Amino acid sequence: MLMKPILLSILLSISAASIACDDHAAHKAASAVAIPSGNSLYQIDAPLMDQQGNSFKLADEQAKMTIISMFYGDCNLSCPIVMENVKRTIEAVPLVQRKNIRALLISLNPGIDTPKSLAGLAKVHQFDPTTYRLAVSDNDSHTRQIAASLGVKYRRSANGEINHNTRFVLMNQQGIIIKTSDTLSITPDPEILATIKANL
């Protein structure tokens, strides 16, 4: 399940425009659905568990800014790029402001991704647990509830792969979505980065 560092290096050298989970392009067009402006993501009551085995809900995320995206552990194409994008976005924030931002990466694959496997992924990507939280819900119904609220659409293939669109969501301290991006790239989205800096 864990990607070897050399494979990650190869993936990051390839243009993101040519890489995605199967059917990514088809799902990207359908990714515009998001929670209506003014409604807090904190209303979502779905339980989550992070890579350290801690149970929590979205309402427990009280950072001034939180970057949220979805992935799954066995994805060796777009998901590592998603993780690298989030990491580079946070690293691009001035150090004095960085303490006010968190990353929440939520699995699309409950039952397969576990706190233990997520901890392994966090180690591979060198995610500091004080900033980066990898999480999984308890079942597919709750996962779909979260995904729908974030504007993420996905479906499972017969071979176990998950076809999904990519979306980065920027949430403020009140749980309101203030910016989104559907751009799949290891490079931070300039608009996401500008919004972070303007609100910290």
# chains A, B, ... in the order shown; residues from 1 in each chain; ligands from 1

$ select_by_dssp --residues "range 71-176 of chain A" --states "strand (DSSP E or B)" --output "PyMOL selection string"
chain A and resi 71+101-107+110+113+132-137+154-156+162-164+168-172

$ residues_around --residues "Leu121 in chain A" --least-positions-apart "3" --cutoff "12 Å" --atoms "only C-alpha atoms" --output "count of residues only"
37

$ residues_around --residues "Ile177 in chain A" --least-positions-apart "4" --cutoff "12 Å" --atoms "only C-alpha atoms" --output "ChimeraX atom specification"
/A:34-42,65-68,149-151,168-173,181,192,195-196

$ write_last_selection --atoms "N, CA, C and O atoms" --output "tab-separated table (two decimals), in the first residue's frame"
chain	number	residue	atom	x	y	z
A	34	ALA	N	-21.11	21.93	-4.21
A	34	ALA	CA	-20.47	22.24	-2.93
A	34	ALA	C	-21.53	22.69	-1.95
A	34	ALA	O	-22.64	23.04	-2.34
A	35	ILE	N	-21.18	22.65	-0.69
A	35	ILE	CA	-22.13	23.08	0.32
A	35	ILE	C	-22.46	24.55	0.09
A	35	ILE	O	-21.59	25.34	-0.25
A	36	PRO	N	-23.73	24.95	0.16
A	36	PRO	CA	-24.11	26.33	-0.13
A	36	PRO	C	-23.38	27.32	0.77
A	36	PRO	O	-23.12	27.06	1.93
A	37	SER	N	-23.05	28.48	0.21
A	37	SER	CA	-22.38	29.52	0.98
A	37	SER	C	-23.22	29.91	2.19
A	37	SER	O	-24.42	30.08	2.09
A	38	GLY	N	-22.55	30.04	3.31
A	38	GLY	CA	-23.26	30.42	4.52
A	38	GLY	C	-23.57	29.23	5.41
A	38	GLY	O	-23.92	29.40	6.57
A	39	ASN	N	-23.47	28.02	4.87
A	39	ASN	CA	-23.70	26.81	5.67
A	39	ASN	C	-22.38	26.24	6.14
A	39	ASN	O	-21.46	26.03	5.34
A	40	SER	N	-22.27	25.96	7.40
A	40	SER	CA	-21.02	25.47	7.96
A	40	SER	C	-20.87	23.97	7.77
A	40	SER	O	-21.81	23.20	7.97
A	41	LEU	N	-19.66	23.56	7.41
A	41	LEU	CA	-19.35	22.13	7.33
A	41	LEU	C	-19.42	21.48	8.70
A	41	LEU	O	-19.51	20.26	8.81
A	42	TYR	N	-19.41	22.29	9.74
A	42	TYR	CA	-19.51	21.75	11.09
A	42	TYR	C	-20.86	21.08	11.34
A	42	TYR	O	-21.03	20.35	12.32
A	65	MET	N	-7.62	28.36	9.55
A	65	MET	CA	-7.84	27.91	8.18
A	65	MET	C	-7.52	26.43	8.10
A	65	MET	O	-6.53	25.97	8.67
A	66	THR	N	-8.35	25.68	7.35
A	66	THR	CA	-8.10	24.25	7.14
A	66	THR	C	-8.23	23.94	5.66
A	66	THR	O	-9.24	24.29	5.03
A	67	ILE	N	-7.22	23.28	5.10
A	67	ILE	CA	-7.30	22.77	3.73
A	67	ILE	C	-7.81	21.34	3.81
A	67	ILE	O	-7.24	20.50	4.51
A	68	ILE	N	-8.88	21.04	3.08
A	68	ILE	CA	-9.47	19.70	3.10
A	68	ILE	C	-9.44	19.13	1.68
A	68	ILE	O	-9.76	19.82	0.71
A	149	SER	N	-20.66	17.11	0.45
A	149	SER	CA	-20.56	18.46	1.00
A	149	SER	C	-19.32	19.20	0.50
A	149	SER	O	-19.32	20.43	0.42
A	150	LEU	N	-18.29	18.44	0.15
A	150	LEU	CA	-17.06	19.04	-0.35
A	150	LEU	C	-17.05	19.17	-1.88
A	150	LEU	O	-16.15	19.81	-2.43
A	151	GLY	N	-18.03	18.57	-2.55
A	151	GLY	CA	-18.04	18.60	-4.00
A	151	GLY	C	-17.20	17.52	-4.63
A	151	GLY	O	-16.72	17.66	-5.76
A	168	PHE	N	-9.80	20.66	-3.77
A	168	PHE	CA	-9.20	21.24	-2.57
A	168	PHE	C	-10.19	22.27	-2.02
A	168	PHE	O	-10.66	23.13	-2.75
A	169	VAL	N	-10.49	22.14	-0.75
A	169	VAL	CA	-11.46	23.03	-0.10
A	169	VAL	C	-10.76	23.79	1.02
A	169	VAL	O	-10.07	23.20	1.85
A	170	LEU	N	-10.96	25.10	1.03
A	170	LEU	CA	-10.40	25.93	2.09
A	170	LEU	C	-11.54	26.34	3.02
A	170	LEU	O	-12.50	26.98	2.61
A	171	MET	N	-11.43	25.92	4.27
A	171	MET	CA	-12.48	26.15	5.27
A	171	MET	C	-11.96	27.09	6.35
A	171	MET	O	-10.83	26.96	6.82
A	172	ASN	N	-12.81	28.05	6.76
A	172	ASN	CA	-12.38	28.96	7.81
A	172	ASN	C	-12.73	28.42	9.20
A	172	ASN	O	-13.25	27.31	9.33
A	173	GLN	N	-12.50	29.20	10.23
A	173	GLN	CA	-12.67	28.73	11.60
A	173	GLN	C	-14.12	28.48	11.96
A	173	GLN	O	-14.42	27.78	12.94
A	181	SER	N	-10.68	24.62	-5.23
A	181	SER	CA	-9.89	24.47	-6.45
A	181	SER	C	-10.02	23.03	-6.94
A	181	SER	O	-10.00	22.09	-6.15
A	192	ILE	N	-5.90	29.80	-4.10
A	192	ILE	CA	-6.00	29.20	-2.77
A	192	ILE	C	-4.97	29.82	-1.84
A	192	ILE	O	-5.25	30.22	-0.71
A	195	THR	N	-5.79	33.39	-0.90
A	195	THR	CA	-6.90	33.44	0.05
A	195	THR	C	-6.43	33.08	1.46
A	195	THR	O	-6.84	33.69	2.45
A	196	ILE	N	-5.55	32.09	1.56
A	196	ILE	CA	-4.99	31.72	2.85
A	196	ILE	C	-4.26	32.90	3.48
A	196	ILE	O	-4.50	33.29	4.61

$ select_by_dssp --residues "range 53-152 of chain A" --states "helix (DSSP H, G or I)" --output "PyMOL selection string"
chain A and resi 58-60+78-91+95-98+115-124+140-150

$ residues_around --residues "Arg144 in chain A" --least-positions-apart "4" --cutoff "9 Å" --atoms "only C-alpha atoms" --output "list in words"
Leu108, Asn139, Asp140, Ala148, Ser149, Val152, Lys153 and Tyr154 of chain A

$ residues_around --residues "range 86-96 of chain A" --least-positions-apart "6" --cutoff "8 Å" --atoms "only C-alpha atoms" --output "JSON, numbers by chain"
{"A": [67, 103, 127, 186, 187, 188, 189, 193, 196, 197]}

$ write_last_selection --atoms "N, CA, C and O atoms" --output "mmCIF file, in the first residue's frame"
data_model
loop_
_atom_site.group_PDB
_atom_site.id
_atom_site.type_symbol
_atom_site.label_atom_id
_atom_site.label_comp_id
_atom_site.auth_asym_id
_atom_site.auth_seq_id
_atom_site.Cartn_x
_atom_site.Cartn_y
_atom_site.Cartn_z
ATOM 1 N N ILE A 67 -7.222 23.277 5.103
ATOM 2 C CA ILE A 67 -7.302 22.769 3.733
ATOM 3 C C ILE A 67 -7.814 21.336 3.810
ATOM 4 O O ILE A 67 -7.242 20.504 4.514
ATOM 5 N N ALA A 103 -4.179 20.881 7.733
ATOM 6 C CA ALA A 103 -4.592 20.105 6.566
ATOM 7 C C ALA A 103 -5.367 18.890 7.041
ATOM 8 O O ALA A 103 -4.966 18.215 7.985
ATOM 9 N N PHE A 127 4.501 13.964 7.050
ATOM 10 C CA PHE A 127 3.490 14.884 7.559
ATOM 11 C C PHE A 127 3.618 15.028 9.077
ATOM 12 O O PHE A 127 3.539 14.039 9.805
ATOM 13 N N ILE A 186 1.016 19.540 -8.484
ATOM 14 C CA ILE A 186 1.809 19.581 -7.261
ATOM 15 C C ILE A 186 2.058 21.027 -6.828
ATOM 16 O O ILE A 186 2.441 21.282 -5.690
ATOM 17 N N THR A 187 1.846 21.949 -7.744
ATOM 18 C CA THR A 187 2.062 23.370 -7.459
ATOM 19 C C THR A 187 0.830 23.964 -6.795
ATOM 20 O O THR A 187 -0.288 23.755 -7.264
ATOM 21 N N PRO A 188 0.984 24.704 -5.712
ATOM 22 C CA PRO A 188 -0.171 25.311 -5.051
ATOM 23 C C PRO A 188 -0.980 26.190 -5.997
ATOM 24 O O PRO A 188 -0.416 26.897 -6.835
ATOM 25 N N ASP A 189 -2.299 26.133 -5.863
ATOM 26 C CA ASP A 189 -3.172 27.007 -6.644
ATOM 27 C C ASP A 189 -2.962 28.437 -6.150
ATOM 28 O O ASP A 189 -3.145 28.717 -4.960
ATOM 29 N N LEU A 193 -3.736 29.924 -2.341
ATOM 30 C CA LEU A 193 -2.645 30.466 -1.536
ATOM 31 C C LEU A 193 -2.907 31.929 -1.174
ATOM 32 O O LEU A 193 -2.694 32.342 -0.012
ATOM 33 N N ILE A 196 -5.546 32.095 1.557
ATOM 34 C CA ILE A 196 -4.986 31.715 2.854
ATOM 35 C C ILE A 196 -4.256 32.902 3.476
ATOM 36 O O ILE A 196 -4.504 33.289 4.614
ATOM 37 N N LYS A 197 -3.368 33.502 2.706
ATOM 38 C CA LYS A 197 -2.557 34.595 3.226
ATOM 39 C C LYS A 197 -3.410 35.794 3.607
ATOM 40 O O LYS A 197 -3.105 36.504 4.572
#

$ decode --residues "range 98-133 of chain A" --atoms "N, CA, C and O atoms" --output "compact mmCIF listing (two decimals), in the first residue's frame"
# COMPACT_ATOMS: atom_id res chain seq x y z
N ARG A 98 1.97 30.10 9.64
CA ARG A 98 1.72 28.68 9.38
C ARG A 98 1.08 27.95 10.56
O ARG A 98 0.37 26.96 10.38
N LYS A 99 1.30 28.44 11.76
CA LYS A 99 0.73 27.79 12.94
C LYS A 99 -0.80 27.87 12.96
O LYS A 99 -1.45 27.14 13.72
N ASN A 100 -1.37 28.73 12.13
CA ASN A 100 -2.82 28.92 12.11
C ASN A 100 -3.53 28.13 11.02
O ASN A 100 -4.73 28.31 10.81
N ILE A 101 -2.79 27.28 10.31
CA ILE A 101 -3.40 26.51 9.23
C ILE A 101 -3.19 25.02 9.46
O ILE A 101 -2.17 24.59 9.98
N ARG A 102 -4.20 24.23 9.11
CA ARG A 102 -4.15 22.77 9.23
C ARG A 102 -4.56 22.14 7.91
O ARG A 102 -5.23 22.76 7.08
N ALA A 103 -4.18 20.88 7.73
CA ALA A 103 -4.59 20.10 6.57
C ALA A 103 -5.37 18.89 7.04
O ALA A 103 -4.97 18.21 7.99
N LEU A 104 -6.50 18.62 6.39
CA LEU A 104 -7.31 17.46 6.70
C LEU A 104 -7.53 16.68 5.41
O LEU A 104 -8.18 17.16 4.48
N LEU A 105 -6.96 15.49 5.33
CA LEU A 105 -7.07 14.62 4.16
C LEU A 105 -7.93 13.42 4.54
O LEU A 105 -7.55 12.63 5.41
N ILE A 106 -9.09 13.30 3.89
CA ILE A 106 -10.08 12.30 4.29
C ILE A 106 -10.14 11.17 3.26
O ILE A 106 -10.27 11.41 2.06
N SER A 107 -10.08 9.94 3.75
CA SER A 107 -10.09 8.77 2.87
C SER A 107 -11.47 8.53 2.26
O SER A 107 -12.50 8.70 2.89
N LEU A 108 -11.44 8.06 1.02
CA LEU A 108 -12.65 7.64 0.31
C LEU A 108 -12.89 6.15 0.49
O LEU A 108 -13.84 5.61 -0.06
N ASN A 109 -12.05 5.48 1.28
CA ASN A 109 -12.06 4.02 1.32
C ASN A 109 -12.14 3.45 2.74
O ASN A 109 -11.23 2.78 3.20
N PRO A 110 -13.25 3.73 3.46
CA PRO A 110 -13.38 3.17 4.81
C PRO A 110 -13.40 1.64 4.77
O PRO A 110 -13.93 1.05 3.84
N GLY A 111 -12.80 1.04 5.78
CA GLY A 111 -12.72 -0.41 5.82
C GLY A 111 -11.43 -0.94 5.24
O GLY A 111 -10.95 -2.01 5.62
N ILE A 112 -10.84 -0.19 4.31
CA ILE A 112 -9.54 -0.55 3.72
C ILE A 112 -8.47 0.36 4.31
O ILE A 112 -7.44 -0.10 4.80
N ASP A 113 -8.72 1.66 4.24
CA ASP A 113 -7.82 2.59 4.92
C ASP A 113 -8.14 2.59 6.41
O ASP A 113 -9.31 2.68 6.81
N THR A 114 -7.13 2.46 7.22
CA THR A 114 -7.28 2.38 8.68
C THR A 114 -6.33 3.39 9.33
O THR A 114 -5.42 3.90 8.66
N PRO A 115 -6.51 3.68 10.62
CA PRO A 115 -5.54 4.56 11.28
C PRO A 115 -4.10 4.08 11.09
O PRO A 115 -3.20 4.90 10.88
N LYS A 116 -3.88 2.78 11.13
CA LYS A 116 -2.53 2.24 10.97
C LYS A 116 -1.98 2.52 9.57
O LYS A 116 -0.84 2.96 9.41
N SER A 117 -2.79 2.26 8.54
CA SER A 117 -2.31 2.50 7.18
C SER A 117 -2.15 3.99 6.91
O SER A 117 -1.22 4.40 6.20
N LEU A 118 -3.02 4.80 7.50
CA LEU A 118 -2.91 6.25 7.33
C LEU A 118 -1.64 6.77 8.02
O LEU A 118 -0.99 7.69 7.51
N ALA A 119 -1.31 6.18 9.15
CA ALA A 119 -0.07 6.57 9.84
C ALA A 119 1.14 6.26 8.97
O ALA A 119 2.11 7.02 8.94
N GLY A 120 1.08 5.13 8.25
CA GLY A 120 2.16 4.78 7.34
C GLY A 120 2.29 5.79 6.21
O GLY A 120 3.39 6.19 5.84
N LEU A 121 1.15 6.22 5.66
CA LEU A 121 1.17 7.22 4.60
C LEU A 121 1.72 8.55 5.11
O LEU A 121 2.49 9.22 4.43
N ALA A 122 1.30 8.91 6.30
CA ALA A 122 1.77 10.17 6.90
C ALA A 122 3.29 10.14 7.05
O ALA A 122 3.97 11.15 6.84
N LYS A 123 3.82 8.98 7.40
CA LYS A 123 5.27 8.84 7.56
C LYS A 123 5.98 8.96 6.21
O LYS A 123 7.01 9.63 6.10
N VAL A 124 5.43 8.31 5.19
CA VAL A 124 6.02 8.37 3.86
C VAL A 124 6.09 9.81 3.36
O VAL A 124 7.09 10.24 2.77
N HIS A 125 5.02 10.57 3.60
CA HIS A 125 4.95 11.95 3.11
C HIS A 125 5.54 12.95 4.10
O HIS A 125 5.50 14.15 3.85
N GLN A 126 6.05 12.45 5.22
CA GLN A 126 6.67 13.31 6.24
C GLN A 126 5.72 14.39 6.72
O GLN A 126 6.07 15.57 6.81
N PHE A 127 4.50 13.96 7.05
CA PHE A 127 3.49 14.88 7.56
C PHE A 127 3.62 15.03 9.08
O PHE A 127 3.54 14.04 9.80
N ASP A 128 3.78 16.23 9.53
CA ASP A 128 3.80 16.52 10.96
C ASP A 128 2.37 16.41 11.48
O ASP A 128 1.48 17.13 11.02
N PRO A 129 2.12 15.52 12.45
CA PRO A 129 0.74 15.32 12.93
C PRO A 129 0.12 16.55 13.60
O PRO A 129 -1.09 16.61 13.76
N THR A 130 0.94 17.52 13.96
CA THR A 130 0.37 18.74 14.54
C THR A 130 -0.24 19.64 13.46
O THR A 130 -1.02 20.54 13.77
N THR A 131 0.11 19.37 12.20
CA THR A 131 -0.42 20.17 11.09
C THR A 131 -1.29 19.35 10.15
O THR A 131 -2.32 19.83 9.66
N TYR A 132 -0.90 18.09 9.91
CA TYR A 132 -1.57 17.26 8.93
C TYR A 132 -2.35 16.14 9.60
O TYR A 132 -1.80 15.38 10.40
N ARG A 133 -3.62 16.03 9.25
CA ARG A 133 -4.46 14.98 9.81
C ARG A 133 -5.01 14.14 8.66
O ARG A 133 -5.73 14.65 7.79
